[in-house]
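Source file: coords03.csv; contents: CSV, C-alpha atoms and all ligand atoms.
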chain,number,residue,atom,x,y,z
Q,24,MET,CA,15.7,-35.9,-14.7
Q,25,ALA,CA,16.9,-39.6,-14.4
Q,26,GLY,CA,18.7,-40.9,-17.5
Q,27,ASP,CA,16.0,-43.4,-18.5
Q,28,THR,CA,13.2,-40.9,-18.0
Q,29,TYR,CA,15.1,-38.5,-20.2
Q,30,ALA,CA,15.6,-41.3,-22.8
Q,31,LEU,CA,11.8,-42.0,-22.8
Q,32,THR,CA,11.1,-38.3,-23.2
Q,33,LEU,CA,13.5,-38.0,-26.1
Q,34,LEU,CA,12.0,-41.1,-27.8
Q,35,SER,CA,8.4,-40.0,-27.2
Q,36,GLY,CA,9.0,-36.4,-28.3
Q,37,ALA,CA,10.7,-37.4,-31.6
Q,38,LYS,CA,7.9,-40.0,-32.3
Q,39,TRP,CA,5.2,-37.3,-31.6
Q,40,LEU,CA,6.8,-34.9,-34.1
Q,41,THR,CA,7.0,-37.8,-36.6
Q,42,ASP,CA,3.3,-38.7,-36.2
Q,43,VAL,CA,2.2,-35.0,-36.3
Q,44,ALA,CA,4.1,-34.6,-39.6
Q,45,ILE,CA,2.7,-37.8,-41.1
Q,46,VAL,CA,-0.8,-37.0,-40.2
Q,47,TRP,CA,-0.4,-33.5,-41.7
Q,48,LEU,CA,1.1,-34.9,-44.9
Q,49,ILE,CA,-1.8,-37.4,-45.3
Q,50,GLY,CA,-4.1,-34.4,-44.7
Q,51,VAL,CA,-2.6,-32.4,-47.6
Q,52,GLY,CA,-3.1,-35.4,-49.9
Q,53,ALA,CA,-6.6,-36.1,-48.6
Q,54,TYR,CA,-7.7,-32.5,-48.9
Q,55,LYS,CA,-6.4,-32.3,-52.5
Q,56,LEU,CA,-8.5,-35.5,-53.3
Q,57,MET,CA,-11.5,-34.0,-51.6
Q,58,ALA,CA,-11.1,-30.7,-53.5
Q,59,ALA,CA,-10.7,-32.6,-56.8
Q,60,VAL,CA,-14.4,-33.9,-56.6
Q,61,ALA,CA,-15.6,-30.3,-57.0
Q,62,PRO,CA,-12.6,-28.1,-57.8
Q,63,PRO,CA,-12.6,-24.5,-56.6
Q,64,THR,CA,-12.5,-21.8,-59.3
Q,65,ASP,CA,-8.9,-21.0,-58.5
Q,66,VAL,CA,-7.2,-24.4,-58.5
Q,67,ARG,CA,-3.7,-22.8,-58.8
Q,68,THR,CA,-4.0,-20.8,-55.6
Q,69,LEU,CA,-5.3,-23.9,-53.7
Q,70,ASP,CA,-2.4,-26.0,-55.1
Q,71,THR,CA,0.2,-23.4,-54.2
Q,72,ARG,CA,-1.1,-23.3,-50.6
Q,73,LEU,CA,-1.2,-27.1,-50.4
Q,74,ALA,CA,2.3,-27.4,-51.8
Q,75,ARG,CA,3.5,-25.0,-49.1
Q,76,GLN,CA,1.9,-27.1,-46.4
Q,77,ALA,CA,3.4,-30.3,-47.9
Q,78,GLY,CA,6.8,-28.7,-47.8
Q,79,LEU,CA,6.4,-27.6,-44.2
Q,80,ALA,CA,5.1,-31.0,-43.1
Q,81,LEU,CA,7.9,-32.9,-44.9
Q,82,SER,CA,10.5,-30.6,-43.4
Q,83,LEU,CA,9.1,-31.4,-39.9
Q,84,LEU,CA,9.2,-35.1,-40.8
Q,85,ALA,CA,12.8,-34.9,-41.9
Q,86,VAL,CA,13.8,-33.2,-38.6
Q,87,ALA,CA,11.7,-35.7,-36.6
Q,88,THR,CA,13.3,-38.7,-38.4
Q,89,ALA,CA,16.8,-37.4,-37.6
Q,90,ALA,CA,15.7,-36.7,-33.9
Q,91,ARG,CA,14.4,-40.3,-33.6
Q,92,LEU,CA,17.8,-41.7,-34.6
Q,93,TYR,CA,19.5,-39.5,-32.0
Q,94,ALA,CA,16.9,-40.5,-29.3
Q,95,GLN,CA,17.4,-44.2,-30.1
Q,96,THR,CA,21.2,-43.9,-29.9
Q,97,TYR,CA,20.8,-42.0,-26.6
Q,98,SER,CA,18.5,-44.7,-25.2
Q,99,SER,CA,20.9,-47.5,-26.3
Q,100,PHE,CA,24.2,-45.9,-25.2
Q,101,GLY,CA,23.7,-42.4,-23.8
Q,102,LEU,CA,23.2,-43.5,-20.2
Q,103,ASP,CA,26.8,-44.7,-20.1
Q,104,GLU,CA,28.7,-42.6,-22.6
Q,105,PRO,CA,28.3,-39.4,-24.7
Q,106,VAL,CA,26.4,-39.8,-28.0
Q,107,THR,CA,28.9,-39.4,-30.8
Q,108,GLY,CA,28.6,-39.5,-34.6
Q,109,GLU,CA,30.2,-42.9,-34.6
Q,110,LEU,CA,27.6,-44.3,-32.2
Q,111,ILE,CA,24.7,-42.7,-34.2
Q,112,ARG,CA,26.2,-44.4,-37.4
Q,113,LEU,CA,26.5,-47.7,-35.5
Q,114,VAL,CA,22.8,-47.6,-34.5
Q,115,ALA,CA,21.7,-46.6,-38.0
Q,116,GLU,CA,23.8,-49.2,-39.8
Q,117,GLN,CA,24.3,-52.2,-37.6
Q,118,THR,CA,21.1,-52.7,-35.6
Q,119,ARG,CA,17.7,-54.1,-36.6
Q,120,TRP,CA,16.0,-50.9,-35.5
Q,121,GLY,CA,18.5,-49.0,-37.7
Q,122,GLY,CA,17.6,-51.1,-40.7
Q,123,ARG,CA,13.9,-50.2,-40.3
Q,124,TRP,CA,14.8,-46.5,-39.6
Q,125,GLN,CA,16.7,-46.5,-42.9
Q,126,MET,CA,13.6,-47.6,-44.8
Q,127,GLN,CA,11.6,-44.7,-43.1
Q,128,ALA,CA,14.4,-42.2,-43.9
Q,129,ALA,CA,14.5,-43.4,-47.5
Q,130,ALA,CA,10.7,-42.9,-47.8
Q,131,VAL,CA,11.1,-39.4,-46.5
Q,132,ALA,CA,13.9,-38.7,-49.0
Q,133,LEU,CA,11.7,-40.1,-51.8
Q,134,ALA,CA,9.0,-37.6,-50.9
Q,135,ALA,CA,11.3,-34.6,-51.2
Q,136,PRO,CA,11.4,-34.4,-55.0
Q,137,ALA,CA,7.7,-35.3,-55.2
Q,138,THR,CA,6.9,-32.4,-52.9
Q,139,ALA,CA,9.2,-30.1,-54.9
Q,140,LEU,CA,7.3,-31.2,-58.0
Q,141,VAL,CA,3.9,-30.2,-56.7
Q,142,ALA,CA,5.4,-26.8,-55.8
Q,143,VAL,CA,7.0,-26.2,-59.1
Q,144,LYS,CA,4.3,-27.6,-61.3
Q,145,SER,CA,1.3,-26.4,-59.3
Q,146,GLY,CA,-1.9,-27.2,-61.2
Q,147,ALA,CA,-0.6,-30.4,-62.9
Q,148,ARG,CA,-2.7,-33.3,-61.6
Q,149,TRP,CA,-0.2,-36.1,-62.2
Q,150,THR,CA,2.3,-34.4,-59.7
Q,151,TRP,CA,-0.2,-35.0,-56.9
Q,152,TRP,CA,-0.5,-38.7,-57.8
Q,153,VAL,CA,3.3,-39.0,-57.5
Q,154,PHE,CA,3.1,-37.1,-54.2
Q,155,GLY,CA,0.3,-39.4,-53.0
Q,156,ALA,CA,2.4,-42.5,-53.8
Q,157,THR,CA,5.3,-41.2,-51.7
Q,158,ILE,CA,2.9,-40.6,-48.8
Q,159,LEU,CA,1.7,-44.2,-49.1
Q,160,ALA,CA,5.3,-45.3,-48.8
Q,161,ILE,CA,5.9,-43.2,-45.7
Q,162,VAL,CA,2.7,-44.6,-44.0
Q,163,GLY,CA,3.5,-48.1,-45.1
Q,164,VAL,CA,6.9,-48.2,-43.3
Q,165,ALA,CA,5.9,-46.1,-40.3
Q,166,PRO,CA,4.8,-48.9,-38.0
Q,167,THR,CA,8.0,-51.0,-38.6
Q,168,THR,CA,9.6,-49.3,-35.5
Q,169,SER,CA,6.5,-49.7,-33.3
Q,170,HIS,CA,5.2,-52.8,-31.5
Q,171,ALA,CA,3.7,-54.1,-34.7
Q,172,PHE,CA,7.1,-55.6,-35.7
Q,173,ALA,CA,7.7,-57.1,-32.3
Q,174,TYR,CA,4.3,-58.8,-32.0
Q,175,ASP,CA,5.1,-62.5,-31.6
Q,176,GLY,CA,1.9,-63.7,-33.4
Q,177,GLY,CA,3.2,-62.5,-36.8
Q,178,VAL,CA,3.7,-59.0,-38.3
Q,179,VAL,CA,1.1,-59.0,-41.1
Q,180,LEU,CA,-2.1,-58.4,-39.1
Q,181,PRO,CA,-0.7,-55.7,-36.7
Q,182,MET,CA,1.1,-54.0,-39.6
Q,183,ALA,CA,-2.1,-53.9,-41.7
Q,184,LEU,CA,-4.1,-52.6,-38.7
Q,185,GLN,CA,-1.5,-49.9,-37.9
Q,186,ILE,CA,-1.3,-48.8,-41.5
Q,187,ALA,CA,-5.0,-48.4,-41.7
Q,188,HIS,CA,-5.0,-46.7,-38.2
Q,189,LEU,CA,-2.4,-44.1,-39.2
Q,190,SER,CA,-4.1,-43.5,-42.6
Q,191,ALA,CA,-7.5,-42.9,-40.9
Q,192,ALA,CA,-5.9,-40.5,-38.3
Q,193,GLY,CA,-4.4,-38.5,-41.2
Q,194,VAL,CA,-7.7,-38.5,-43.2
Q,195,TRP,CA,-9.7,-37.2,-40.2
Q,196,LEU,CA,-7.4,-35.0,-38.3
Q,197,GLY,CA,-4.8,-34.1,-41.0
Q,198,THR,CA,-7.6,-33.0,-43.4
Q,199,LEU,CA,-9.2,-30.9,-40.6
Q,200,LEU,CA,-5.8,-29.3,-40.0
Q,201,VAL,CA,-5.4,-28.4,-43.7
Q,202,LEU,CA,-9.0,-27.3,-43.9
Q,203,LEU,CA,-8.5,-24.8,-41.0
Q,204,SER,CA,-5.1,-23.6,-42.0
Q,205,ALA,CA,-5.1,-23.6,-45.8
Q,206,GLY,CA,-8.8,-23.9,-46.7
Q,207,LEU,CA,-10.1,-21.1,-44.5
Q,208,SER,CA,-6.9,-19.2,-43.8
Q,209,SER,CA,-7.3,-16.4,-46.3
Q,210,GLY,CA,-9.8,-15.1,-48.8
Q,211,PRO,CA,-13.4,-14.0,-48.3
Q,212,SER,CA,-14.5,-17.1,-46.6
Q,213,ALA,CA,-12.1,-16.5,-43.7
Q,214,ARG,CA,-13.6,-13.1,-43.1
Q,215,GLY,CA,-17.1,-14.6,-42.9
Q,216,GLU,CA,-18.2,-13.1,-46.2
Q,217,ASP,CA,-18.7,-16.5,-48.0
Q,218,GLY,CA,-20.0,-18.8,-45.3
Q,219,THR,CA,-22.0,-20.7,-47.9
Q,220,ALA,CA,-18.8,-21.8,-49.7
Q,221,VAL,CA,-17.2,-22.9,-46.4
Q,222,SER,CA,-20.4,-24.7,-45.6
Q,223,ARG,CA,-20.2,-26.7,-48.8
Q,224,LEU,CA,-16.6,-27.6,-48.1
Q,225,VAL,CA,-17.4,-28.8,-44.6
Q,226,ASP,CA,-20.4,-30.8,-45.9
Q,227,ARG,CA,-18.0,-32.6,-48.1
Q,228,PHE,CA,-15.5,-33.2,-45.3
Q,229,SER,CA,-18.1,-34.5,-42.7
Q,230,PRO,CA,-18.8,-38.0,-44.1
Q,231,VAL,CA,-15.1,-38.4,-44.8
Q,232,ALA,CA,-14.2,-37.5,-41.2
Q,233,LEU,CA,-17.0,-39.8,-39.8
Q,234,THR,CA,-15.8,-42.8,-41.8
Q,235,ALA,CA,-12.1,-42.1,-40.9
Q,236,ALA,CA,-13.0,-41.8,-37.2
Q,237,THR,CA,-14.9,-45.1,-37.3
Q,238,VAL,CA,-11.9,-46.9,-39.0
Q,239,LEU,CA,-9.5,-45.2,-36.5
Q,240,GLY,CA,-11.5,-46.4,-33.5
Q,241,GLY,CA,-12.1,-49.9,-34.9
Q,242,THR,CA,-8.4,-50.5,-35.9
Q,243,GLY,CA,-7.3,-49.1,-32.6
Q,244,VAL,CA,-9.5,-51.4,-30.6
Q,245,LEU,CA,-8.5,-54.4,-32.7
Q,246,THR,CA,-4.8,-53.6,-32.2
Q,247,ALA,CA,-5.4,-53.3,-28.5
Q,248,PHE,CA,-7.0,-56.8,-28.5
Q,249,LEU,CA,-3.8,-58.2,-30.1
Q,250,TYR,CA,-1.5,-56.6,-27.6
Q,251,VAL,CA,-3.4,-56.9,-24.4
Q,252,ASP,CA,-3.9,-60.5,-23.4
Q,253,GLU,CA,-6.1,-60.1,-20.3
Q,254,ILE,CA,-8.5,-57.3,-19.3
Q,255,PRO,CA,-6.8,-56.7,-15.8
Q,256,GLN,CA,-3.6,-55.7,-17.7
Q,257,LEU,CA,-5.5,-52.5,-18.7
Q,258,TRP,CA,-5.1,-51.2,-15.1
Q,259,GLN,CA,-2.3,-53.4,-13.8
Q,260,THR,CA,0.4,-52.5,-16.4
Q,261,SER,CA,1.7,-49.0,-17.5
Q,262,TYR,CA,0.9,-49.9,-21.1
Q,263,GLY,CA,-2.7,-50.7,-20.2
Q,264,ARG,CA,-3.1,-47.5,-18.2
Q,265,VAL,CA,-1.7,-45.3,-20.9
Q,266,LEU,CA,-4.0,-47.1,-23.4
Q,267,LEU,CA,-7.0,-46.2,-21.2
Q,268,LEU,CA,-5.9,-42.6,-21.1
Q,269,LYS,CA,-5.6,-42.6,-24.9
Q,270,SER,CA,-9.1,-44.1,-25.2
Q,271,GLY,CA,-10.5,-41.3,-22.9
Q,272,LEU,CA,-8.8,-38.7,-25.1
Q,273,PHE,CA,-10.3,-40.4,-28.2
Q,274,GLY,CA,-13.7,-40.1,-26.6
Q,275,LEU,CA,-13.1,-36.4,-26.1
Q,276,THR,CA,-11.8,-35.8,-29.6
Q,277,ALA,CA,-14.8,-37.7,-31.1
Q,278,ALA,CA,-17.2,-35.7,-28.9
Q,279,LEU,CA,-15.8,-32.4,-30.1
Q,280,GLY,CA,-16.0,-33.7,-33.7
Q,281,ALA,CA,-19.7,-34.7,-33.1
Q,282,TYR,CA,-20.3,-31.2,-31.7
Q,283,ASN,CA,-18.8,-29.6,-34.8
Q,284,TRP,CA,-20.8,-31.9,-37.0
Q,285,ARG,CA,-24.2,-31.5,-35.3
Q,286,ARG,CA,-24.1,-28.0,-33.9
Q,287,VAL,CA,-21.4,-25.9,-35.7
Q,288,ARG,CA,-21.8,-27.1,-39.3
Q,289,PRO,CA,-25.5,-26.3,-39.8
Q,290,ALA,CA,-24.8,-22.7,-38.6
Q,291,ILE,CA,-21.6,-22.0,-40.7
Q,292,ALA,CA,-23.4,-19.9,-43.4
Q,293,GLY,CA,-24.9,-17.6,-40.7
Q,294,PRO,CA,-23.2,-14.6,-39.0
Q,295,GLY,CA,-19.9,-15.6,-37.2
Q,296,GLY,CA,-20.3,-19.2,-38.3
Q,297,VAL,CA,-16.9,-19.5,-39.9
Q,298,THR,CA,-15.1,-18.0,-36.8
Q,299,ARG,CA,-17.0,-20.5,-34.6
Q,300,LEU,CA,-15.9,-23.4,-36.8
Q,301,GLN,CA,-12.3,-22.2,-36.6
Q,302,ARG,CA,-12.4,-22.1,-32.8
Q,303,SER,CA,-14.1,-25.5,-32.3
Q,304,GLY,CA,-12.0,-27.2,-35.0
Q,305,THR,CA,-8.9,-25.9,-33.3
Q,306,ALA,CA,-10.0,-27.3,-29.9
Q,307,GLU,CA,-10.6,-30.7,-31.6
Q,308,LEU,CA,-7.0,-30.5,-33.1
Q,309,LEU,CA,-5.5,-29.5,-29.7
Q,310,VAL,CA,-7.0,-32.5,-28.0
Q,311,ALA,CA,-5.8,-34.7,-30.9
Q,312,ALA,CA,-2.3,-33.4,-30.5
Q,313,VAL,CA,-2.3,-34.4,-26.8
Q,314,LEU,CA,-3.6,-37.8,-27.8
Q,315,LEU,CA,-0.7,-38.2,-30.3
Q,316,LEU,CA,1.7,-37.4,-27.5
Q,317,VAL,CA,0.1,-40.1,-25.3
Q,318,THR,CA,0.4,-42.5,-28.3
Q,319,ALA,CA,4.1,-41.6,-28.7
Q,320,TRP,CA,4.6,-42.6,-25.1
Q,321,LEU,CA,2.5,-45.8,-25.5
Q,322,VAL,CA,4.6,-47.0,-28.4
Q,323,HIS,CA,7.8,-46.9,-26.1
Q,324,LEU,CA,6.3,-48.8,-23.2
Q,325,PRO,CA,6.8,-52.5,-22.8
Q,326,MET,CA,3.8,-54.5,-24.1
Q,327,PRO,CA,1.7,-56.0,-21.3
Q,328,HIS,CA,3.0,-59.5,-21.5
Q,329,GLU,CA,6.7,-58.4,-21.5
L,1,LIG,C1,-8.0,-39.7,-32.5
L,1,LIG,C2,-7.8,-41.0,-32.3
L,1,LIG,C3,-6.5,-41.8,-32.5
L,1,LIG,C4,-5.3,-41.3,-33.1
L,1,LIG,C5,-5.0,-40.0,-33.8
L,1,LIG,C6,-4.4,-42.4,-33.0
L,1,LIG,C7,-3.1,-42.4,-33.5
L,1,LIG,C8,-2.2,-43.5,-33.5
L,1,LIG,C9,-0.9,-43.5,-34.0
L,1,LIG,C10,-0.2,-42.3,-34.8
L,1,LIG,C11,-0.3,-44.7,-33.7
L,1,LIG,C12,1.1,-45.1,-34.0
L,1,LIG,C13,1.2,-45.8,-35.3
L,1,LIG,C14,2.7,-46.2,-35.6
L,1,LIG,O1,3.5,-45.5,-36.0
L,1,LIG,O2,3.0,-47.4,-35.3
L,1,LIG,C15,-1.2,-45.4,-32.9
L,1,LIG,C16,-1.0,-46.7,-32.4
L,1,LIG,C17,-1.9,-47.4,-31.6
L,1,LIG,N1,-3.2,-47.0,-31.3
L,1,LIG,FE1,-4.1,-45.2,-31.9
L,1,LIG,N2,-5.0,-43.5,-32.4
L,1,LIG,C18,-6.3,-43.1,-32.0
L,1,LIG,C19,-7.2,-43.9,-31.4
L,1,LIG,C20,-7.0,-45.1,-30.8
L,1,LIG,C21,-8.0,-45.9,-30.1
L,1,LIG,C22,-9.4,-45.5,-29.8
L,1,LIG,C23,-7.4,-47.0,-29.7
L,1,LIG,C24,-7.9,-48.2,-28.9
L,1,LIG,C25,-8.5,-48.1,-27.8
L,1,LIG,C26,-6.0,-47.0,-30.2
L,1,LIG,C27,-5.0,-47.9,-30.0
L,1,LIG,C28,-3.8,-47.9,-30.5
L,1,LIG,C29,-2.8,-49.0,-30.3
L,1,LIG,C30,-3.0,-50.2,-29.4
L,1,LIG,C31,-1.6,-48.6,-31.0
L,1,LIG,C32,-0.3,-49.4,-31.0
L,1,LIG,C33,0.7,-48.8,-30.1
L,1,LIG,C34,1.9,-49.7,-30.0
L,1,LIG,O3,2.7,-49.8,-31.0
L,1,LIG,O4,2.1,-50.2,-28.9
L,1,LIG,N3,-5.8,-45.8,-30.9
L,1,LIG,N4,-2.4,-44.7,-32.8

Is it possible to give me this structure as structure tokens?
Ligand code: HEM
Amino acid sequence: MAGDTYALTLLSGAKWLTDVAIVWLIGVGAYKLMAAVAPPTDVRTLDTRLARQAGLALSLLAVATAARLYAQTYSSFGLDEPVTGELIRLVAEQTRWGGRWQMQAAAVALAAPATALVAVKSGARWTWWVFGATILAIVGVAPTTSHAFAYDGGVVLPMALQIAHLSAAGVWLGTLLVLLSAGLSSGPSARGEDGTAVSRLVDRFSPVALTAATVLGGTGVLTAFLYVDEIPQLWQTSYGRVLLLKSGLFGLTAALGAYNWRRVRPAIAGPGGVTRLQRSGTAELLVAAVLLLVTAWLVHLPMPHE
């Protein structure tokens, strides 16, 4: 593999892991909020499961954050010389990218005690608010290493759009991930014995997912309007072509979501309904994972006017 293709693969792979982890973390927080509206009888069991998911997601984010620093160092120096600890420190401490990366790493470090707190004091509501605040910090600084900070028309609008975009992705797809893996993963509902309880849960999730998908599509299109100056750039530049691919995948994810909402949801309480939901929900998440991979690639391509 040519050096610059390898660099792009490293950068995109690390960014993909980062986005998957952030979407997952937002999902844990959003699921907890959703469950708080009508708490289940066994809040402690739910909290324990959510705390485990938060721990896994945060560990993934910590690994991904370190991987991004390595990838950035490789793409800056690795084509000419071996990546050493000294070079990694140089990129982290003496570049503008490194300054923003440090903010992101600090937000991840801040989330560690908050995640430990929800695990140790499961059942205490305030710990979840502290956890939620640290997720907001992670989301707030995430776009600083994307194109939002390089946009020459000012950073405020693209940053605001990207923060809303990432939050909406987490509320829709992260919550779905948590619903399938922690909400249905054990207990009677997973064995199809309590389809009515699952049906109630999904009924609560559906309007949240619909709103988040609308915000996600809207903020995505508005960001694209900022970055793409002329329509032909959509097929004449690599950025435009990858953006079109991403839009197609969005259409597919949204179509699967609509199928789950209109067809699968009404039949959940019936025989085999929960299993069907697990299968179709997993398909929706798999397409979304590919979409995030395409996004991670997009973020590292030159903007159309460059
Ligand atoms: C399931 C749907 C989608 C998901 C999960 C998703 C996810 C993301 C994520 C995680 C980012 C990176 C945020 C960052 O760290 O800076 C991003 C950026 C972006 N998204 Fe989406 N997105 C979706 C749909 C869309 C749609 C429909 C469009 C517009 C057609 C769009 C356009 C963009 C653009 C232009 C960027 C900025 C990329 C850059 O920095 O160059 N997205 N998206």

Tell me, counting only C-alpha atoms and all ligand atoms, for each residue of chain Q within 8 Å of ligand LIG 1 (chain L), which pair of atoms is nearest and how far apart they are in Å to one decimal, in rows ordered by chain and increasing number, as a Markdown table.
| residue | atom | partner | partner_atom | distance |
| --- | --- | --- | --- | --- |
| Q:Lys38 | CA | L:LIG1 | O1 | 8.0 |
| Q:Asp42 | CA | L:LIG1 | C10 | 5.2 |
| Q:Val43 | CA | L:LIG1 | C10 | 7.8 |
| Q:Val46 | CA | L:LIG1 | C10 | 7.6 |
| Q:Ala165 | CA | L:LIG1 | O1 | 5.0 |
| Q:Pro166 | CA | L:LIG1 | O2 | 3.6 |
| Q:Thr167 | CA | L:LIG1 | O2 | 7.0 |
| Q:Thr168 | CA | L:LIG1 | O2 | 6.9 |
| Q:Ser169 | CA | L:LIG1 | O3 | 4.4 |
| Q:His170 | CA | L:LIG1 | O3 | 3.9 |
| Q:Ala171 | CA | L:LIG1 | O3 | 5.8 |
| Q:Gln185 | CA | L:LIG1 | C13 | 5.6 |
| Q:Ile186 | CA | L:LIG1 | C13 | 7.3 |
| Q:His188 | CA | L:LIG1 | N4 | 6.3 |
| Q:Leu189 | CA | L:LIG1 | C10 | 5.2 |
| Q:Ala192 | CA | L:LIG1 | C5 | 4.6 |
| Q:Gly193 | CA | L:LIG1 | C5 | 7.6 |
| Q:Leu196 | CA | L:LIG1 | C5 | 7.1 |
| Q:Ala236 | CA | L:LIG1 | C1 | 7.2 |
| Q:Leu239 | CA | L:LIG1 | C19 | 5.7 |
| Q:Gly240 | CA | L:LIG1 | C22 | 4.3 |
| Q:Gly241 | CA | L:LIG1 | C22 | 7.3 |
| Q:Thr242 | CA | L:LIG1 | C26 | 7.1 |
| Q:Gly243 | CA | L:LIG1 | C26 | 3.4 |
| Q:Val244 | CA | L:LIG1 | C24 | 4.0 |
| Q:Leu245 | CA | L:LIG1 | C24 | 7.3 |
| Q:Thr246 | CA | L:LIG1 | C30 | 4.8 |
| Q:Ala247 | CA | L:LIG1 | C30 | 4.0 |
| Q:Phe248 | CA | L:LIG1 | C30 | 7.8 |
| Q:Tyr250 | CA | L:LIG1 | C30 | 6.8 |
| Q:Tyr262 | CA | L:LIG1 | O4 | 7.9 |
| Q:Leu266 | CA | L:LIG1 | C25 | 6.4 |
| Q:Leu267 | CA | L:LIG1 | C25 | 7.0 |
| Q:Lys269 | CA | L:LIG1 | C20 | 6.6 |
| Q:Ser270 | CA | L:LIG1 | C25 | 4.8 |
| Q:Leu272 | CA | L:LIG1 | C1 | 7.5 |
| Q:Phe273 | CA | L:LIG1 | C2 | 4.8 |
| Q:Gly274 | CA | L:LIG1 | C22 | 7.6 |
| Q:Thr276 | CA | L:LIG1 | C1 | 6.2 |
| Q:Ala277 | CA | L:LIG1 | C1 | 7.2 |
| Q:Ala311 | CA | L:LIG1 | C1 | 5.7 |
| Q:Ala312 | CA | L:LIG1 | C5 | 7.9 |
| Q:Leu314 | CA | L:LIG1 | C5 | 6.5 |
| Q:Leu315 | CA | L:LIG1 | C7 | 5.8 |
| Q:Thr318 | CA | L:LIG1 | C15 | 5.7 |
| Q:Ala319 | CA | L:LIG1 | C12 | 7.0 |
| Q:Leu321 | CA | L:LIG1 | O4 | 5.6 |
| Q:Val322 | CA | L:LIG1 | O4 | 4.1 |
| Q:His323 | CA | L:LIG1 | O4 | 7.2 |
| Q:Leu324 | CA | L:LIG1 | O4 | 7.2 |
| Q:Met326 | CA | L:LIG1 | O4 | 6.7 |

- Query: In Å to one decimal, how far is CA of Leu202 in chain Q from CA of Gln301 in chain Q?
  - Reply: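 Computing it gives 9.5 Å between the two atoms.
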
### Task
For range 283-296 of chain Q, list every protein, DNA or RNA residue within 7 Å, evaluated using all atoms listed in the file, and leave out those in the same chain fewer than 4 positions away; present the list as a ChimeraX atom specification.
/Q:215,218-219,222,229,279,300,303

So which residues touch range 123-132 of chain Q within 8 Å, counting only C-alpha atoms, skipping near sequence neighbours fewer than 6 positions away, as an mmCIF file with C-alpha atoms, keeping the file's coordinate frame?
data_model
loop_
_atom_site.group_PDB
_atom_site.id
_atom_site.type_symbol
_atom_site.label_atom_id
_atom_site.label_comp_id
_atom_site.auth_asym_id
_atom_site.auth_seq_id
_atom_site.Cartn_x
_atom_site.Cartn_y
_atom_site.Cartn_z
ATOM 1 C CA LEU Q 81 7.900 -32.900 -44.900
ATOM 2 C CA LEU Q 84 9.200 -35.100 -40.800
ATOM 3 C CA ALA Q 85 12.800 -34.900 -41.900
ATOM 4 C CA THR Q 88 13.300 -38.700 -38.400
ATOM 5 C CA LEU Q 92 17.800 -41.700 -34.600
ATOM 6 C CA ALA Q 115 21.700 -46.600 -38.000
ATOM 7 C CA THR Q 157 5.300 -41.200 -51.700
ATOM 8 C CA ALA Q 160 5.300 -45.300 -48.800
ATOM 9 C CA ILE Q 161 5.900 -43.200 -45.700
ATOM 10 C CA VAL Q 164 6.900 -48.200 -43.300
ATOM 11 C CA ALA Q 165 5.900 -46.100 -40.300
ATOM 12 C CA THR Q 167 8.000 -51.000 -38.600
ATOM 13 C CA THR Q 168 9.600 -49.300 -35.500
#

- Query: Nearest to Ala87 in chain Q: which of Q:Leu73, Q:Val178, Q:Leu34, Q:Ala139 is it, counting all atoms listed in the file?
  - Reply: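 Of the candidates, the smallest distance to Ala87 in chain Q is held by Q:Leu34.
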
- Item | Nearby residues (all atoms listed in the file) at most 8 Å from Ala77 in chain Q, same-chain spacing under 6 positions excluded, as an MDAnalysis selection string | chainID Q and resid 47:48 51 138

Between CA of Ala235 in chain Q and CA of Arg223 in chain Q lies a distance of 19.1 Å

Would you kindly return, as a PyMOL selection string, each protein, DNA or RNA residue with an atom no farther than 7 Å from any atom of range 69-71 of chain Q, considering all atoms listed in the file and excluding same-chain residues fewer than 4 positions away?
chain Q and resi 65+75+142+145-146

Counting all atoms listed in the file, closest pick from Q:Ile45, Q:Leu140, Q:Ala94, Q:Ala80 relative to Ala30 in chain Q is Q:Ala94

(Q) Can you measure CA of Ala135 in chain Q to CA of Ser82 in chain Q for me? One decimal in Å is fine. (A)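 CA of Ser82 in chain Q lies at a distance of 8.8 Å from CA of Ala135 in chain Q.
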
From the list Q:Pro136, Q:Gly78, Q:Gly177, Q:Gly26, the nearest residue to Asp103 in chain Q using only C-alpha atoms is Q:Gly26

Could you give me, as a VMD selection string, the residues within 12 Å of Leu224 in chain Q, counting all atoms listed in the file and dropping anything in the same chain fewer than 5 positions from it? chain Q and resid 54 57 to 63 198 to 199 202 to 203 206 to 207 212 217 to 219 229 to 231 288 291 to 292 297

Emit the selected residues as a compact mmCIF listing (two decimals), keeping the file's coordinate frame, including C-alpha atoms.
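Writing done, so here's part.txt:
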# COMPACT_ATOMS: atom_id res chain seq x y z
CA TYR Q 54 -7.70 -32.50 -48.90
CA MET Q 57 -11.50 -34.00 -51.60
CA ALA Q 58 -11.10 -30.70 -53.50
CA ALA Q 59 -10.70 -32.60 -56.80
CA VAL Q 60 -14.40 -33.90 -56.60
CA ALA Q 61 -15.60 -30.30 -57.00
CA PRO Q 62 -12.60 -28.10 -57.80
CA PRO Q 63 -12.60 -24.50 -56.60
CA THR Q 198 -7.60 -33.00 -43.40
CA LEU Q 199 -9.20 -30.90 -40.60
CA LEU Q 202 -9.00 -27.30 -43.90
CA LEU Q 203 -8.50 -24.80 -41.00
CA GLY Q 206 -8.80 -23.90 -46.70
CA LEU Q 207 -10.10 -21.10 -44.50
CA SER Q 212 -14.50 -17.10 -46.60
CA ASP Q 217 -18.70 -16.50 -48.00
CA GLY Q 218 -20.00 -18.80 -45.30
CA THR Q 219 -22.00 -20.70 -47.90
CA SER Q 229 -18.10 -34.50 -42.70
CA PRO Q 230 -18.80 -38.00 -44.10
CA VAL Q 231 -15.10 -38.40 -44.80
CA ARG Q 288 -21.80 -27.10 -39.30
CA ILE Q 291 -21.60 -22.00 -40.70
CA ALA Q 292 -23.40 -19.90 -43.40
CA VAL Q 297 -16.90 -19.50 -39.90
